[in-house]
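K.L.:
Structure file data_33.csv, CSV, C-alpha atoms and all ligand atoms, is pasted below:
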```csv
chain,number,residue,atom,x,y,z
C,1,MET,CA,-1.7,-20.6,-13.9
C,2,ASN,CA,-0.7,-23.7,-16.0
C,3,ASP,CA,2.3,-23.7,-18.3
C,4,MET,CA,0.2,-23.3,-21.4
C,5,ASN,CA,-1.6,-20.2,-20.1
C,6,LYS,CA,1.6,-18.8,-18.7
C,7,ALA,CA,3.2,-19.1,-22.2
C,8,LYS,CA,0.1,-17.4,-23.6
C,9,LEU,CA,0.4,-14.6,-21.1
C,10,ASP,CA,4.1,-14.1,-21.9
C,11,TYR,CA,3.2,-14.1,-25.6
C,12,TYR,CA,0.6,-11.3,-25.1
C,13,ILE,CA,3.0,-9.3,-23.0
C,14,GLU,CA,5.7,-9.6,-25.7
C,15,LEU,CA,3.3,-8.5,-28.4
C,16,VAL,CA,2.3,-5.4,-26.3
C,17,GLU,CA,5.9,-4.5,-25.6
C,18,GLU,CA,6.8,-4.7,-29.3
C,19,GLN,CA,3.9,-2.6,-30.3
C,20,LEU,CA,4.6,0.1,-27.7
C,21,LYS,CA,8.1,0.3,-28.9
C,22,LYS,CA,6.8,0.9,-32.5
C,23,PHE,CA,4.6,3.8,-31.4
C,24,THR,CA,7.4,6.0,-30.2
C,25,ALA,CA,10.2,4.7,-32.6
C,26,SER,CA,8.4,6.2,-35.6
C,27,LYS,CA,8.4,9.7,-34.1
C,28,PRO,CA,10.7,12.5,-35.4
C,29,GLU,CA,13.6,13.8,-33.3
C,30,LEU,CA,12.6,17.4,-33.2
C,31,GLN,CA,10.2,17.0,-30.3
C,32,GLY,CA,12.7,14.6,-28.9
C,33,GLU,CA,12.3,15.4,-25.2
C,34,VAL,CA,8.6,14.6,-25.0
C,35,VAL,CA,8.9,11.5,-27.1
C,36,LYS,CA,11.7,10.3,-24.7
C,37,ALA,CA,9.3,10.9,-21.8
C,38,MET,CA,6.5,9.0,-23.5
C,39,GLU,CA,8.8,6.1,-24.2
C,40,TYR,CA,10.3,6.2,-20.7
C,41,SER,CA,6.9,5.7,-19.1
C,42,LEU,CA,5.4,3.4,-21.8
C,43,LEU,CA,8.3,1.0,-21.6
C,44,ALA,CA,8.8,1.0,-17.8
C,45,GLY,CA,7.0,-2.4,-17.4
C,46,GLY,CA,3.7,-3.0,-15.9
C,47,LYS,CA,1.4,-5.9,-16.1
C,48,ARG,CA,-0.1,-4.8,-19.5
C,49,LEU,CA,-3.5,-6.1,-18.2
C,50,ARG,CA,-5.7,-3.8,-20.2
C,51,PRO,CA,-4.4,-4.6,-23.8
C,52,ILE,CA,-4.4,-8.3,-22.8
C,53,LEU,CA,-8.1,-7.9,-21.9
C,54,VAL,CA,-8.8,-6.4,-25.3
C,55,MET,CA,-7.1,-9.2,-27.2
C,56,GLU,CA,-8.5,-11.9,-25.0
C,57,PHE,CA,-12.1,-10.7,-25.3
C,58,ALA,CA,-11.7,-10.4,-29.1
C,59,ARG,CA,-10.5,-14.0,-29.1
C,60,MET,CA,-13.2,-15.3,-26.8
C,61,CYS,CA,-15.7,-13.5,-29.0
C,62,GLY,CA,-14.6,-15.5,-32.0
C,63,GLU,CA,-11.6,-13.7,-33.5
C,64,LYS,CA,-9.1,-16.3,-34.5
C,65,LYS,CA,-6.2,-13.9,-34.7
C,66,PRO,CA,-6.6,-11.3,-32.0
C,67,GLU,CA,-2.9,-10.2,-32.6
C,68,LYS,CA,-4.1,-8.3,-35.7
C,69,TYR,CA,-5.7,-5.9,-33.3
C,70,ILE,CA,-2.6,-5.3,-31.3
C,71,ALA,CA,-2.3,-1.6,-32.1
C,72,ALA,CA,-6.0,-0.9,-31.1
C,73,ALA,CA,-5.5,-3.0,-28.0
C,74,CYS,CA,-2.5,-0.9,-27.0
C,75,SER,CA,-4.6,2.3,-27.3
C,76,VAL,CA,-5.8,1.4,-23.8
C,77,GLU,CA,-2.3,1.0,-22.5
C,78,LEU,CA,-1.5,4.5,-23.9
C,79,ILE,CA,-4.4,5.9,-21.9
C,80,HIS,CA,-3.4,4.0,-18.8
C,81,THR,CA,0.2,5.3,-19.0
C,82,TYR,CA,-1.0,8.8,-19.5
C,83,SER,CA,-3.2,8.5,-16.5
C,84,LEU,CA,-0.3,7.2,-14.4
C,85,ILE,CA,2.0,10.1,-15.5
C,86,HIS,CA,-0.6,12.7,-14.6
C,87,ASP,CA,-1.6,11.0,-11.4
C,88,ASP,CA,2.0,11.2,-10.2
C,89,LEU,CA,2.3,14.9,-10.8
C,90,PRO,CA,2.8,17.2,-7.8
C,91,CYS,CA,-0.6,18.8,-8.4
C,92,MET,CA,-2.2,15.3,-8.1
C,93,ASP,CA,-0.8,12.5,-5.9
C,94,ASN,CA,2.8,13.8,-6.0
C,95,ASP,CA,4.5,10.4,-6.3
C,96,ASP,CA,8.2,10.2,-6.9
C,97,TYR,CA,8.2,6.6,-8.1
C,98,ARG,CA,6.3,4.5,-10.6
C,99,ARG,CA,6.9,1.0,-11.8
C,100,GLY,CA,10.2,0.9,-9.9
C,101,LYS,CA,11.6,4.1,-11.6
C,102,PRO,CA,11.5,7.8,-10.9
C,103,SER,CA,8.1,9.0,-12.0
C,104,CYS,CA,8.0,10.8,-15.4
C,105,HIS,CA,8.1,14.3,-13.9
C,106,LYS,CA,11.0,13.3,-11.7
C,107,ALA,CA,12.9,12.2,-14.8
C,108,PHE,CA,11.8,14.9,-17.3
C,109,GLY,CA,10.3,17.7,-15.3
C,110,GLU,CA,6.7,18.6,-14.7
C,111,ASP,CA,6.2,20.5,-18.0
C,112,ILE,CA,7.4,17.6,-20.2
C,113,ALA,CA,5.6,15.0,-18.1
C,114,LEU,CA,2.3,16.9,-18.4
C,115,LEU,CA,2.8,17.1,-22.2
C,116,ALA,CA,3.9,13.4,-22.5
C,117,GLY,CA,0.6,12.4,-20.8
C,118,ASP,CA,-1.3,14.7,-23.2
C,119,ALA,CA,0.4,13.3,-26.2
C,120,LEU,CA,-0.2,9.7,-25.1
C,121,ASN,CA,-3.9,10.5,-24.7
C,122,SER,CA,-4.2,11.8,-28.3
C,123,MET,CA,-2.0,9.0,-29.6
C,124,ALA,CA,-4.6,6.5,-28.4
C,125,PHE,CA,-7.2,7.8,-30.7
C,126,GLU,CA,-4.7,8.3,-33.6
C,127,VAL,CA,-3.8,4.6,-33.3
C,128,ILE,CA,-7.4,3.5,-33.6
C,129,SER,CA,-8.3,5.8,-36.5
C,130,ASP,CA,-5.0,4.8,-38.3
C,131,ALA,CA,-5.9,1.1,-37.9
C,132,ALA,CA,-9.3,1.8,-39.5
C,133,MET,CA,-7.7,3.9,-42.3
C,134,ALA,CA,-5.2,1.1,-43.0
C,135,GLY,CA,-8.2,-1.3,-43.3
C,136,ASP,CA,-7.2,-3.3,-40.2
C,137,ILE,CA,-10.5,-2.5,-38.4
C,138,PRO,CA,-13.9,-1.9,-40.1
C,139,PRO,CA,-14.6,1.8,-39.8
C,140,GLU,CA,-17.9,1.4,-37.9
C,141,ARG,CA,-16.1,-0.7,-35.3
C,142,ALA,CA,-13.4,1.9,-35.0
C,143,ILE,CA,-16.0,4.6,-34.4
C,144,MET,CA,-17.5,2.4,-31.6
C,145,LEU,CA,-14.0,1.9,-30.1
C,146,VAL,CA,-13.5,5.7,-30.0
C,147,SER,CA,-16.9,6.1,-28.5
C,148,VAL,CA,-16.3,3.5,-25.8
C,149,LEU,CA,-12.8,4.7,-24.9
C,150,SER,CA,-13.5,8.4,-24.9
C,151,LYS,CA,-16.6,8.0,-22.6
C,152,ALA,CA,-14.6,5.8,-20.3
C,153,ILE,CA,-11.9,8.4,-19.7
C,154,GLY,CA,-13.9,11.6,-19.6
C,155,SER,CA,-15.7,13.4,-16.8
C,156,ASP,CA,-18.2,10.5,-16.4
C,157,GLY,CA,-15.3,8.0,-16.2
C,158,MET,CA,-11.6,8.1,-15.3
C,159,ILE,CA,-11.3,11.9,-14.9
C,160,GLY,CA,-14.6,12.0,-12.9
C,161,GLY,CA,-13.2,9.4,-10.6
C,162,GLN,CA,-10.0,11.3,-10.1
C,163,VAL,CA,-12.0,14.4,-9.2
C,164,ILE,CA,-14.0,12.5,-6.6
C,165,ASP,CA,-10.7,11.1,-5.3
C,166,LEU,CA,-9.2,14.5,-5.0
C,167,LYS,CA,-12.2,16.2,-3.5
C,168,THR,CA,-12.8,13.5,-0.9
C,169,GLU,CA,-9.2,13.3,0.4
C,170,GLY,CA,-9.2,13.5,4.2
C,171,LYS,CA,-13.1,13.4,4.4
C,172,ASP,CA,-15.2,10.6,5.6
C,173,ILE,CA,-17.2,8.9,2.7
C,174,ASP,CA,-19.5,6.0,2.7
C,175,LEU,CA,-19.1,2.8,0.7
C,176,GLU,CA,-21.5,3.9,-2.0
C,177,THR,CA,-19.4,6.9,-2.7
C,178,LEU,CA,-16.2,4.9,-2.7
C,179,ASN,CA,-17.8,2.5,-5.1
C,180,VAL,CA,-18.7,5.4,-7.5
C,181,LEU,CA,-15.1,6.7,-7.2
C,182,GLN,CA,-13.7,3.2,-8.0
C,183,THR,CA,-16.2,2.6,-10.9
C,184,CYS,CA,-15.1,5.8,-12.5
C,185,LYS,CA,-11.4,5.9,-11.7
C,186,THR,CA,-10.3,2.3,-12.2
C,187,GLY,CA,-13.4,0.4,-13.4
C,188,ALA,CA,-14.2,2.5,-16.5
C,189,LEU,CA,-11.0,1.8,-18.4
C,190,ILE,CA,-11.0,-1.9,-17.5
C,191,GLU,CA,-14.6,-2.1,-18.7
C,192,ALA,CA,-13.7,-0.2,-21.9
C,193,ALA,CA,-10.9,-2.7,-22.6
C,194,CYS,CA,-13.2,-5.8,-22.3
C,195,VAL,CA,-16.0,-4.2,-24.3
C,196,MET,CA,-13.5,-3.1,-27.0
C,197,GLY,CA,-12.4,-6.7,-27.5
C,198,ALA,CA,-16.0,-7.7,-28.1
C,199,VAL,CA,-16.5,-4.7,-30.5
C,200,LEU,CA,-13.3,-5.6,-32.4
C,201,ALA,CA,-14.6,-9.1,-33.0
C,202,GLY,CA,-18.0,-7.7,-34.1
C,203,SER,CA,-19.7,-9.6,-31.3
C,204,PHE,CA,-22.1,-6.9,-30.1
C,205,GLU,CA,-24.3,-9.3,-28.3
C,206,ALA,CA,-21.4,-10.2,-26.0
C,207,ILE,CA,-20.9,-6.6,-24.8
C,208,PRO,CA,-23.2,-6.8,-21.7
C,209,PHE,CA,-21.4,-10.0,-20.6
C,210,ALA,CA,-18.0,-8.4,-21.1
C,211,ALA,CA,-19.1,-5.3,-19.2
C,212,ASP,CA,-20.5,-7.4,-16.3
C,213,TYR,CA,-17.2,-9.3,-16.0
C,214,ALA,CA,-15.2,-6.1,-16.1
C,215,LYS,CA,-17.3,-4.4,-13.4
C,216,ALA,CA,-16.6,-7.3,-11.0
C,217,LEU,CA,-12.9,-7.6,-12.0
C,218,GLY,CA,-12.4,-3.8,-11.9
C,219,ARG,CA,-13.6,-3.6,-8.3
C,220,ALA,CA,-11.7,-6.6,-7.2
C,221,PHE,CA,-8.6,-5.2,-8.9
C,222,GLN,CA,-8.9,-1.9,-7.0
C,223,ILE,CA,-9.5,-3.6,-3.7
C,224,VAL,CA,-6.4,-5.6,-4.2
C,225,ASP,CA,-4.5,-2.4,-5.1
C,226,ASP,CA,-5.6,-0.9,-1.8
C,227,ILE,CA,-4.6,-4.0,0.1
C,228,LEU,CA,-1.2,-4.0,-1.5
C,229,ASP,CA,-0.6,-0.4,-0.6
C,230,VAL,CA,-0.7,-1.6,3.0
C,231,THR,CA,0.8,-5.1,2.8
C,232,GLY,CA,3.2,-4.8,-0.2
C,233,THR,CA,6.8,-3.7,-0.4
C,234,PHE,CA,8.6,-1.2,-2.6
C,235,ASP,CA,10.3,-3.9,-4.5
C,236,GLU,CA,7.0,-5.6,-5.3
C,237,LEU,CA,5.0,-2.5,-6.2
C,238,GLY,CA,7.8,-0.3,-7.7
C,239,LYS,CA,6.6,2.6,-5.5
C,240,PRO,CA,6.5,3.4,-1.8
C,241,ILE,CA,3.8,1.7,0.2
C,242,GLY,CA,1.5,3.5,2.6
C,243,SER,CA,1.0,6.4,0.2
C,244,ASP,CA,-2.9,6.1,0.5
C,245,GLU,CA,-2.7,6.6,4.3
C,246,GLU,CA,-0.1,9.3,4.0
C,247,GLN,CA,-2.4,11.3,1.6
C,248,HIS,CA,-5.5,10.6,3.6
C,249,LYS,CA,-7.1,8.7,0.7
C,250,ASN,CA,-10.4,6.9,1.1
C,251,THR,CA,-9.7,3.2,0.2
C,252,TYR,CA,-11.5,-0.1,0.7
C,253,VAL,CA,-8.9,-0.8,3.4
C,254,THR,CA,-9.5,2.4,5.3
C,255,LEU,CA,-13.2,2.0,5.1
C,256,LEU,CA,-13.7,-1.7,5.6
C,257,GLY,CA,-10.4,-3.0,7.1
C,258,LEU,CA,-8.0,-5.6,5.6
C,259,GLU,CA,-10.0,-8.7,6.3
C,260,ARG,CA,-13.3,-7.5,5.0
C,261,SER,CA,-11.6,-6.0,1.9
C,262,GLN,CA,-9.9,-9.4,1.2
C,263,SER,CA,-13.2,-11.2,1.5
C,264,ILE,CA,-15.0,-8.8,-0.8
C,265,ALA,CA,-12.2,-9.0,-3.4
C,266,LYS,CA,-12.6,-12.8,-3.3
C,267,GLN,CA,-16.4,-12.6,-3.6
C,268,LEU,CA,-16.0,-10.3,-6.6
C,269,THR,CA,-13.5,-12.6,-8.3
C,270,VAL,CA,-16.0,-15.5,-8.0
C,271,GLU,CA,-18.6,-13.2,-9.5
C,272,ALA,CA,-16.3,-12.2,-12.4
C,273,LEU,CA,-15.5,-15.9,-13.0
C,274,GLY,CA,-19.2,-16.6,-13.2
C,275,HIS,CA,-19.7,-13.9,-15.9
C,276,LEU,CA,-16.9,-15.6,-18.0
C,277,ARG,CA,-19.0,-18.7,-18.3
C,278,TYR,CA,-20.9,-17.0,-21.1
C,279,PHE,CA,-17.8,-17.3,-23.2
C,280,GLU,CA,-16.8,-20.7,-24.5
C,281,GLU,CA,-13.0,-20.6,-24.3
C,282,HIS,CA,-12.6,-18.8,-21.0
C,283,GLU,CA,-9.9,-20.9,-19.3
C,284,PHE,CA,-7.0,-18.5,-19.8
C,285,LEU,CA,-9.0,-15.5,-18.6
C,286,SER,CA,-10.4,-17.4,-15.7
C,287,GLN,CA,-6.9,-18.3,-14.6
C,288,LEU,CA,-5.7,-14.8,-15.0
C,289,THR,CA,-8.6,-13.4,-13.0
C,290,GLU,CA,-7.8,-15.8,-10.2
C,291,GLU,CA,-4.1,-14.8,-10.3
C,292,LEU,CA,-5.0,-11.1,-10.1
C,293,LEU,CA,-6.7,-11.7,-6.7
C,294,THR,CA,-3.4,-13.0,-5.2
C,295,ARG,CA,-1.0,-10.8,-7.2
C,296,ARG,CA,1.8,-9.0,-5.3
C,297,SER,CA,2.4,-6.2,-7.9
C,301,LIG,C1,-4.9,12.2,-13.5
C,301,LIG,C2,-5.8,11.8,-15.9
C,301,LIG,C3,-5.7,11.4,-14.5
C,301,LIG,C4,-6.2,10.2,-14.1
C,301,LIG,C5,-6.1,9.7,-12.8
C,301,LIG,C6,-6.5,6.1,-13.3
C,301,LIG,C7,-6.0,7.3,-12.6
C,301,LIG,C8,-6.9,8.5,-12.6
C,301,LIG,C9,-4.9,7.3,-12.0
C,301,LIG,C10,-3.9,6.2,-11.9
C,301,LIG,C11,-3.5,5.9,-10.5
C,301,LIG,C12,-4.2,4.9,-9.8
C,301,LIG,C13,-3.7,4.5,-8.5
C,301,LIG,C14,-5.3,4.3,-10.4
C,301,LIG,C15,-6.0,3.2,-9.8
C,301,LIG,C16,-6.0,2.2,-10.8
C,301,LIG,C17,-4.8,1.3,-10.7
C,301,LIG,C18,-4.9,0.2,-9.7
C,301,LIG,C19,-3.7,1.6,-11.4
C,301,LIG,C20,-2.6,0.7,-11.4
C,301,LIG,O1,-2.8,-0.2,-12.5
C,301,LIG,P1,-1.9,-1.5,-12.8
C,301,LIG,O2,-1.8,-2.2,-11.5
C,301,LIG,O3,-0.5,-0.8,-13.1
C,301,LIG,O4,-2.5,-2.2,-13.9
C,301,LIG,P2,0.6,-1.4,-14.1
C,301,LIG,O5,1.9,-0.6,-13.6
C,301,LIG,O6,0.8,-2.9,-13.8
C,301,LIG,O7,0.2,-1.1,-15.5
```
Starting from the file, give its structure as structure tokens.

P.N.:
Amino acid sequence: MNDMNKAKLDYYIELVEEQLKKFTASKPELQGEVVKAMEYSLLAGGKRLRPILVMEFARMCGEKKPEKYIAAACSVELIHTYSLIHDDLPCMDNDDYRRGKPSCHKAFGEDIALLAGDALNSMAFEVISDAAMAGDIPPERAIMLVSVLSKAIGSDGMIGGQVIDLKTEGKDIDLETLNVLQTCKTGALIEAACVMGAVLAGSFEAIPFAADYAKALGRAFQIVDDILDVTGTFDELGKPIGSDEEQHKNTYVTLLGLERSQSIAKQLTVEALGHLRYFEEHEFLSQLTEELLTRRS
């Protein structure tokens, strides 16, 4: 990534971090424990990819100041963080570490971690509706955001993907089933983020192009995630490696092997870059998309 785009990435990340701090800072002390748990997981780092996608799509779709949508963009990070907290719970993947720190339930207990995830989930929709009520987003666009986001994370989206994941552990599945699992579990939220950017900018004709890009990126992203679970280190990933194999998960690597997975991720990245050509100023996102293929965290 060139220096200008690196500076832009850093700027976006800074905006996201500042906004996430505001979400929990304004909460009362009475429910202190759950707020601390929300804050702990929200501010534990992470690439902040999803809110960046929202803002960048809004910008590429003609919004001169995508920063003004920072709160709505972060709604997707609230959902992402909730999904990570719940995914780490003993009844799900039972992971002790996340983003280099003890996972939320290890730090706060299962009860509080479960509730922190629930509260982040509702906060995402509170944030979007509050932005509309404050006049920051036209109401009809806010309704569309709620529609896009809620569909992406329900039983036809993220939750559905998690169910397929749980129910196919230790069983042989074919590539088609793995693709459905991925599309729901990882792909749906990434697609929602890209589409939400187009919606925020009022560029409804761009939605199919944003969605096509997101589908290719989302699959490449998951394949790289599977590869890193085998080739990464604890320091890079902030969690133990080899957990997919330990839990008998179906992944692109277990199904296709490392080499073929790498080659498909590359192919999908090229496809994603092709979809970006619809957008005039796509250089930043093109570079970010390429970097995500070779990421180490
Ligand atoms: C249990 C509600 C519930 C949902 C579970 C999305 C999900 C479904 C679980 C999250 C765990 C997981 C491995 C999802 C696959 C998607 C993925 C690659 C997540 C990691 O996203 P990154 O790399 O994480 O963007 P950071 O830490 O950078 O934000």

K.L.:
Taking into account only C-alpha atoms and all ligand atoms, which residue in the set C:Ala107, C:Ala73, C:Ile79, C:Met158 is nearest to ligand LIG 301 (chain C)?

P.N.:
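Of C:Ala107, C:Ala73, C:Ile79, C:Met158, the one nearest ligand LIG 301 (chain C) is C:Met158, counting only C-alpha atoms and all ligand atoms.
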
K.L.:
At a cut-off of 6 Å and counting only C-alpha atoms and all ligand atoms, what residues surround ligand LIG 301 (chain C)? Please answer as a PyMOL selection string.

P.N.:
chain C and resi 46-49+83-84+86-87+99+158-159+162+185-186+222+225

K.L.:
Which polymer residues, whether protein, DNA or RNA, lie within 12 Å of the coordinate (0.5, 5.6, 1.0) when you count only C-alpha atoms? List them as a ChimeraX atom specification, using the chain letters and numbers from the file.

P.N.:
/C:93-97,225-234,237,239-251,253-254

K.L.:
For region 26-82 of chain C against region 2-18 of chain C, with a cut-off of 10 Å and counting all atoms listed in the file, what is the closest atom pair and its distance in Å to one decimal for every residue that makes the cut, ordered by chain and number, as a Markdown table?

P.N.:
```
| residue | atom | partner | partner_atom | distance |
| --- | --- | --- | --- | --- |
| C:Leu42 | CA | C:Glu17 | CA | 8.8 |
| C:Leu43 | CA | C:Glu17 | CA | 7.2 |
| C:Ala44 | CA | C:Glu17 | CA | 10.0 |
| C:Gly45 | CA | C:Glu17 | CA | 8.5 |
| C:Gly46 | CA | C:Ile13 | CA | 9.5 |
| C:Lys47 | CA | C:Ile13 | CA | 7.9 |
| C:Arg48 | CA | C:Ile13 | CA | 6.5 |
| C:Leu49 | CA | C:Ile13 | CA | 8.7 |
| C:Pro51 | CA | C:Val16 | CA | 7.2 |
| C:Ile52 | CA | C:Tyr12 | CA | 6.3 |
| C:Leu53 | CA | C:Tyr12 | CA | 9.9 |
| C:Met55 | CA | C:Tyr12 | CA | 8.3 |
| C:Glu56 | CA | C:Tyr12 | CA | 9.1 |
| C:Pro66 | CA | C:Tyr12 | CA | 10.0 |
| C:Glu67 | CA | C:Leu15 | CA | 7.7 |
| C:Ile70 | CA | C:Val16 | CA | 7.0 |
| C:Ala71 | CA | C:Val16 | CA | 8.3 |
| C:Ala73 | CA | C:Val16 | CA | 8.3 |
| C:Cys74 | CA | C:Val16 | CA | 6.6 |
| C:Glu77 | CA | C:Val16 | CA | 8.7 |
```

K.L.:
So, with only C-alpha atoms as the atoms that count, which of C:Gly161, C:Gly154, C:Gly170, C:Gly202 lies closest to Pro139 (chain C)?

P.N.:
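Ranked by minimum distance to Pro139 (chain C), first place goes to C:Gly202.
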
K.L.:
Would you list the contacts of Ala131 (chain C) as an MDAnalysis selection string, taking every protein, DNA or RNA residue within 10 Å and counting all atoms listed in the file, but skipping same-chain residues closer than 3 positions in sequence?

P.N.:
chainID C and resid 68:72 125:128 134:139 142

K.L.:
Pick out the residues sitting within 10 Å of Glu271 (chain C), and hand them over as JSON, numbers by chain; count all atoms listed in the file, and ignore anything fewer than 6 positions along from it in its own chain.

P.N.:
{"C": [212, 213, 215, 216, 217, 220, 265]}

K.L.:
Convert the current residue selection to file output with C-alpha atoms, as a PDB file, in the coordinates of the input.

P.N.:
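What landed in again-v1.pdb:
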```
ATOM      1  CA  ASP C 212     -20.500  -7.400 -16.300  1.00  0.00           C
ATOM      2  CA  TYR C 213     -17.200  -9.300 -16.000  1.00  0.00           C
ATOM      3  CA  LYS C 215     -17.300  -4.400 -13.400  1.00  0.00           C
ATOM      4  CA  ALA C 216     -16.600  -7.300 -11.000  1.00  0.00           C
ATOM      5  CA  LEU C 217     -12.900  -7.600 -12.000  1.00  0.00           C
ATOM      6  CA  ALA C 220     -11.700  -6.600  -7.200  1.00  0.00           C
ATOM      7  CA  ALA C 265     -12.200  -9.000  -3.400  1.00  0.00           C
TER       8      ALA C 265
END
```

K.L.:
Any idea what's packed within 10 Å of Ser203 (chain C), counting only C-alpha atoms, ignoring anything in its chain fewer than 5 positions away? Could you give it as number ranges by chain?

P.N.:
C: 57-58, 60-63, 195-198

K.L.:
Can you measure CA of Ala132 (chain C) to CA of Thr24 (chain C) for me? One decimal in Å is fine.

P.N.:
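It comes out at 19.6 Å.
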
K.L.:
Report the distance between CA of Met92 (chain C) and CA of Arg50 (chain C) in Å, rounded to one decimal place.

P.N.:
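A separation of 22.9 Å between them.
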